[in-house]
Structure formats: structure tokens, C-alpha cells
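The next block is query_8.cif, given as mmCIF, N, CA and C atoms.
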data_structure
loop_
_atom_site.group_PDB
_atom_site.id
_atom_site.type_symbol
_atom_site.label_atom_id
_atom_site.label_comp_id
_atom_site.auth_asym_id
_atom_site.auth_seq_id
_atom_site.Cartn_x
_atom_site.Cartn_y
_atom_site.Cartn_z
ATOM 1 N N MET B 2 117.289 98.305 72.449
ATOM 2 C CA MET B 2 118.519 97.555 72.528
ATOM 3 C C MET B 2 118.486 96.724 73.807
ATOM 4 N N LYS B 3 118.923 95.476 73.689
ATOM 5 C CA LYS B 3 119.005 94.578 74.841
ATOM 6 C C LYS B 3 120.414 94.626 75.404
ATOM 7 N N VAL B 4 120.529 94.732 76.718
ATOM 8 C CA VAL B 4 121.818 94.739 77.406
ATOM 9 C C VAL B 4 121.928 93.441 78.189
ATOM 10 N N PHE B 5 123.056 92.745 78.048
ATOM 11 C CA PHE B 5 123.284 91.474 78.727
ATOM 12 C C PHE B 5 124.291 91.672 79.853
ATOM 13 N N SER B 6 124.004 91.145 81.017
ATOM 14 C CA SER B 6 124.926 91.199 82.148
ATOM 15 C C SER B 6 125.713 89.887 82.157
ATOM 16 N N LEU B 7 126.853 89.866 81.480
ATOM 17 C CA LEU B 7 127.609 88.628 81.260
ATOM 18 C C LEU B 7 128.070 87.967 82.549
ATOM 19 N N LYS B 8 128.472 88.748 83.525
ATOM 20 C CA LYS B 8 128.975 88.179 84.779
ATOM 21 C C LYS B 8 127.881 87.518 85.604
ATOM 22 N N GLU B 9 126.632 87.813 85.306
ATOM 23 C CA GLU B 9 125.518 87.237 86.052
ATOM 24 C C GLU B 9 124.869 86.058 85.332
ATOM 25 N N MET B 10 125.282 85.776 84.112
ATOM 26 C CA MET B 10 124.665 84.704 83.328
ATOM 27 C C MET B 10 125.253 83.351 83.707
ATOM 28 N N GLN B 11 124.424 82.318 83.663
ATOM 29 C CA GLN B 11 124.868 80.957 83.957
ATOM 30 C C GLN B 11 125.602 80.384 82.751
ATOM 31 N N VAL B 12 126.707 79.681 83.014
ATOM 32 C CA VAL B 12 127.470 79.031 81.948
ATOM 33 C C VAL B 12 127.283 77.524 82.091
ATOM 34 N N PHE B 13 126.873 76.876 81.004
ATOM 35 C CA PHE B 13 126.649 75.441 81.001
ATOM 36 C C PHE B 13 127.897 74.714 80.505
ATOM 37 N N PRO B 14 128.073 73.439 80.855
ATOM 38 C CA PRO B 14 129.258 72.696 80.402
ATOM 39 C C PRO B 14 129.269 72.495 78.885
ATOM 40 N N TYR B 15 130.417 72.083 78.369
ATOM 41 C CA TYR B 15 130.618 71.904 76.931
ATOM 42 C C TYR B 15 129.537 71.030 76.306
ATOM 43 N N GLU B 16 129.130 69.975 77.008
ATOM 44 C CA GLU B 16 128.118 69.055 76.468
ATOM 45 C C GLU B 16 126.777 69.749 76.238
ATOM 46 N N GLU B 17 126.542 70.857 76.925
ATOM 47 C CA GLU B 17 125.301 71.618 76.785
ATOM 48 C C GLU B 17 125.573 73.009 76.205
ATOM 49 N N ARG B 18 126.618 73.133 75.406
ATOM 50 C CA ARG B 18 127.079 74.437 74.914
ATOM 51 C C ARG B 18 126.027 75.211 74.130
ATOM 52 N N GLY B 19 125.069 74.526 73.546
ATOM 53 C CA GLY B 19 123.997 75.215 72.832
ATOM 54 C C GLY B 19 123.204 76.147 73.741
ATOM 55 N N LYS B 20 123.116 75.814 75.038
ATOM 56 C CA LYS B 20 122.411 76.661 75.996
ATOM 57 C C LYS B 20 123.176 77.945 76.289
ATOM 58 N N ASN B 21 124.475 77.985 75.949
ATOM 59 C CA ASN B 21 125.302 79.152 76.226
ATOM 60 C C ASN B 21 125.175 80.244 75.163
ATOM 61 N N VAL B 22 124.449 79.967 74.095
ATOM 62 C CA VAL B 22 124.215 80.988 73.060
ATOM 63 C C VAL B 22 123.108 81.904 73.576
ATOM 64 N N PHE B 23 123.432 83.190 73.748
ATOM 65 C CA PHE B 23 122.420 84.110 74.263
ATOM 66 C C PHE B 23 122.026 85.175 73.250
ATOM 67 N N PHE B 24 122.681 85.200 72.087
ATOM 68 C CA PHE B 24 122.280 86.095 71.005
ATOM 69 C C PHE B 24 122.689 85.454 69.692
ATOM 70 N N LYS B 25 121.813 85.517 68.705
ATOM 71 C CA LYS B 25 122.113 84.933 67.397
ATOM 72 C C LYS B 25 121.517 85.804 66.308
ATOM 73 N N SER B 26 122.312 86.047 65.260
ATOM 74 C CA SER B 26 121.840 86.764 64.074
ATOM 75 C C SER B 26 122.396 86.046 62.853
ATOM 76 N N ASP B 27 122.117 86.555 61.672
ATOM 77 C CA ASP B 27 122.650 85.933 60.460
ATOM 78 C C ASP B 27 124.172 86.060 60.383
ATOM 79 N N GLU B 28 124.724 87.112 60.980
ATOM 80 C CA GLU B 28 126.156 87.371 60.877
ATOM 81 C C GLU B 28 126.986 86.680 61.961
ATOM 82 N N PHE B 29 126.429 86.527 63.160
ATOM 83 C CA PHE B 29 127.187 85.931 64.256
ATOM 84 C C PHE B 29 126.262 85.467 65.364
ATOM 85 N N LYS B 30 126.826 84.673 66.269
ATOM 86 C CA LYS B 30 126.118 84.330 67.494
ATOM 87 C C LYS B 30 127.056 84.585 68.662
ATOM 88 N N THR B 31 126.464 84.828 69.815
ATOM 89 C CA THR B 31 127.233 85.154 71.004
ATOM 90 C C THR B 31 126.949 84.093 72.057
ATOM 91 N N ARG B 32 128.025 83.521 72.598
ATOM 92 C CA ARG B 32 127.867 82.484 73.611
ATOM 93 C C ARG B 32 128.894 82.686 74.705
ATOM 94 N N LEU B 33 128.594 82.168 75.864
ATOM 95 C CA LEU B 33 129.538 82.176 76.973
ATOM 96 C C LEU B 33 130.352 80.883 76.952
ATOM 97 N N ILE B 34 131.622 81.009 77.251
ATOM 98 C CA ILE B 34 132.505 79.847 77.374
ATOM 99 C C ILE B 34 133.328 80.069 78.633
ATOM 100 N N GLU B 35 133.323 79.089 79.519
ATOM 101 C CA GLU B 35 134.105 79.195 80.745
ATOM 102 C C GLU B 35 135.208 78.142 80.695
ATOM 103 N N LEU B 36 136.444 78.589 80.873
ATOM 104 C CA LEU B 36 137.584 77.683 80.854
ATOM 105 C C LEU B 36 138.322 77.765 82.183
ATOM 106 N N ALA B 37 138.774 76.630 82.669
ATOM 107 C CA ALA B 37 139.609 76.593 83.862
ATOM 108 C C ALA B 37 141.012 77.054 83.474
ATOM 109 N N PRO B 38 141.821 77.520 84.428
ATOM 110 C CA PRO B 38 143.191 77.922 84.106
ATOM 111 C C PRO B 38 143.942 76.804 83.375
ATOM 112 N N GLY B 39 144.550 77.149 82.248
ATOM 113 C CA GLY B 39 145.284 76.175 81.439
ATOM 114 C C GLY B 39 144.439 75.375 80.468
ATOM 115 N N GLU B 40 143.127 75.433 80.585
ATOM 116 C CA GLU B 40 142.228 74.711 79.685
ATOM 117 C C GLU B 40 142.182 75.419 78.338
ATOM 118 N N LYS B 41 142.012 74.649 77.246
ATOM 119 C CA LYS B 41 142.019 75.206 75.893
ATOM 120 C C LYS B 41 140.747 74.826 75.154
ATOM 121 N N LEU B 42 140.382 75.655 74.197
ATOM 122 C CA LEU B 42 139.318 75.295 73.264
ATOM 123 C C LEU B 42 139.885 74.300 72.261
ATOM 124 N N PRO B 43 139.098 73.342 71.792
ATOM 125 C CA PRO B 43 139.606 72.443 70.763
ATOM 126 C C PRO B 43 139.834 73.205 69.457
ATOM 127 N N ASP B 44 140.786 72.737 68.641
ATOM 128 C CA ASP B 44 140.989 73.321 67.318
ATOM 129 C C ASP B 44 139.709 73.151 66.513
ATOM 130 N N CYS B 45 139.309 74.215 65.831
ATOM 131 C CA CYS B 45 138.089 74.130 65.032
ATOM 132 C C CYS B 45 138.095 75.211 63.966
ATOM 133 N N THR B 46 137.248 75.037 62.985
ATOM 134 C CA THR B 46 137.038 76.029 61.945
ATOM 135 C C THR B 46 135.711 76.708 62.237
ATOM 136 N N MET B 47 135.746 78.009 62.408
ATOM 137 C CA MET B 47 134.527 78.753 62.712
ATOM 138 C C MET B 47 133.814 79.115 61.408
ATOM 139 N N HIS B 48 132.503 78.928 61.392
ATOM 140 C CA HIS B 48 131.705 79.256 60.217
ATOM 141 C C HIS B 48 131.067 80.635 60.335
ATOM 142 N N GLU B 49 131.069 81.194 61.553
ATOM 143 C CA GLU B 49 130.571 82.539 61.786
ATOM 144 C C GLU B 49 131.746 83.418 62.198
ATOM 145 N N ASN B 50 131.510 84.723 62.223
ATOM 146 C CA ASN B 50 132.503 85.629 62.780
ATOM 147 C C ASN B 50 132.621 85.362 64.271
ATOM 148 N N VAL B 51 133.819 85.500 64.817
ATOM 149 C CA VAL B 51 134.062 85.184 66.225
ATOM 150 C C VAL B 51 134.764 86.346 66.905
ATOM 151 N N ILE B 52 134.264 86.708 68.072
ATOM 152 C CA ILE B 52 134.912 87.686 68.933
ATOM 153 C C ILE B 52 135.040 87.041 70.303
ATOM 154 N N PHE B 53 136.247 87.067 70.855
ATOM 155 C CA PHE B 53 136.454 86.574 72.211
ATOM 156 C C PHE B 53 136.604 87.771 73.128
ATOM 157 N N TYR B 54 135.842 87.788 74.215
ATOM 158 C CA TYR B 54 135.899 88.860 75.196
ATOM 159 C C TYR B 54 136.166 88.207 76.543
ATOM 160 N N VAL B 55 137.295 88.474 77.122
ATOM 161 C CA VAL B 55 137.716 87.829 78.369
ATOM 162 C C VAL B 55 137.184 88.631 79.551
ATOM 163 N N LEU B 56 136.424 87.969 80.435
ATOM 164 C CA LEU B 56 135.883 88.631 81.617
ATOM 165 C C LEU B 56 136.858 88.577 82.787
ATOM 166 N N LYS B 57 137.652 87.516 82.850
ATOM 167 C CA LYS B 57 138.594 87.352 83.957
ATOM 168 C C LYS B 57 139.754 86.499 83.471
ATOM 169 N N GLY B 58 140.974 86.891 83.787
ATOM 170 C CA GLY B 58 142.148 86.131 83.361
ATOM 171 C C GLY B 58 142.670 86.661 82.044
ATOM 172 N N GLU B 59 143.278 85.782 81.259
ATOM 173 C CA GLU B 59 143.825 86.182 79.963
ATOM 174 C C GLU B 59 143.657 85.054 78.962
ATOM 175 N N ALA B 60 143.738 85.401 77.696
ATOM 176 C CA ALA B 60 143.587 84.412 76.630
ATOM 177 C C ALA B 60 144.585 84.717 75.522
ATOM 178 N N HIS B 61 144.993 83.666 74.826
ATOM 179 C CA HIS B 61 145.876 83.784 73.664
ATOM 180 C C HIS B 61 145.175 83.078 72.516
ATOM 181 N N SER B 62 145.198 83.695 71.338
ATOM 182 C CA SER B 62 144.529 83.074 70.200
ATOM 183 C C SER B 62 145.410 83.140 68.963
ATOM 184 N N ILE B 63 145.133 82.228 68.049
ATOM 185 C CA ILE B 63 145.844 82.160 66.767
ATOM 186 C C ILE B 63 144.798 82.220 65.670
ATOM 187 N N SER B 64 145.014 83.081 64.705
ATOM 188 C CA SER B 64 144.132 83.167 63.551
ATOM 189 C C SER B 64 144.886 82.655 62.329
ATOM 190 N N TRP B 65 144.257 81.768 61.596
ATOM 191 C CA TRP B 65 144.891 81.216 60.399
ATOM 192 C C TRP B 65 144.536 82.018 59.164
ATOM 193 N N ARG B 66 143.700 83.037 59.301
ATOM 194 C CA ARG B 66 143.337 83.889 58.172
ATOM 195 C C ARG B 66 144.380 84.993 58.016
ATOM 196 N N GLU B 67 144.495 85.485 56.815
ATOM 197 C CA GLU B 67 145.424 86.597 56.571
ATOM 198 C C GLU B 67 144.693 87.916 56.641
#
Whole structure, C-alpha cells version:
Amino acid sequence: MKVFSLKEMQVFPYEERGKNVFFKSDEFKTRLIELAPGEKLPDCTMHENVIFYVLKGEAHSISWRE
């Protein structure tokens, strides 16, 4: 099993977001996203399963699925 130290990993800007994917499988991929206070992710439809794990601060999310 591989263990990732998330707090030590480099986060690239949105334009280079592909570099932030550090694990990928058929079911999901895992990437780092860094947001400034008050910054939001753009509205989007996810094609993979998504889990958000907050390392610092807080996050609010809306799911359109039932």
C-alpha cells in the first residue's frame, strides 16, 4: 500500500491541474486542490466519484444527486 503525505505535496495552479492528480484508478482519481479563503470551484459535472478532504479551513458543498 502506498501512503501519501498530503501536507508535503506540491500543489500546482488550476492551469496545470493535471499535475495535481497523484492517484488514478478506473473508479476515481485523487488530486490536490488549493483554494484561497472565499475562492470557489467552478460549477461542473463530475464523471468520476468525488471525495473532498479538507486539510485546513472549511468547505461547503452541494450535491445535485439524490
Please extract the residues of chain B with a backbone DSSP assignment of strand (DSSP E or B) and present them as a ChimeraX atom specification.
/B:22-25,30-32
Neighbours of point (140.1, 83.3, 65.6) within 9 Å, using only C-alpha atoms, written as JSON, numbers by chain:
{"B": [46, 47, 50, 51, 52, 53, 62, 63, 64, 65, 66]}
Name the residues in contact with segment 36-45 of chain B at a cut-off of 10 Å, using only C-alpha atoms, excluding same-chain residues fewer than 4 positions from it; report them as a list in words.
Pro14, Tyr15, Gly58, Glu59, Ala60, His61 and Ser62 of chain B
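Within the file as shown, the PyMOL selection byres (((chain B and resi 5 and name CA) around 12) and name CA) identifies B:Met2, B:Lys3, B:Val4, B:Ser6, B:Leu7, B:Lys8, B:Glu9, B:Met10, B:Gln11, B:Val22, B:Phe23, B:Phe24, B:Thr31, B:Arg32, B:Leu33.
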May I ask for the distance between atom C of Leu56 of chain B and atom N of Asp27 of chain B, given in Å to one decimal place?
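Computing it gives 25.8 Å between the two atoms.
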So the first atom is atom C of Arg18 of chain B and the second is atom CA of Ile34 of chain B; what is the distance between them in Å, to one decimal place?
8.6 Å
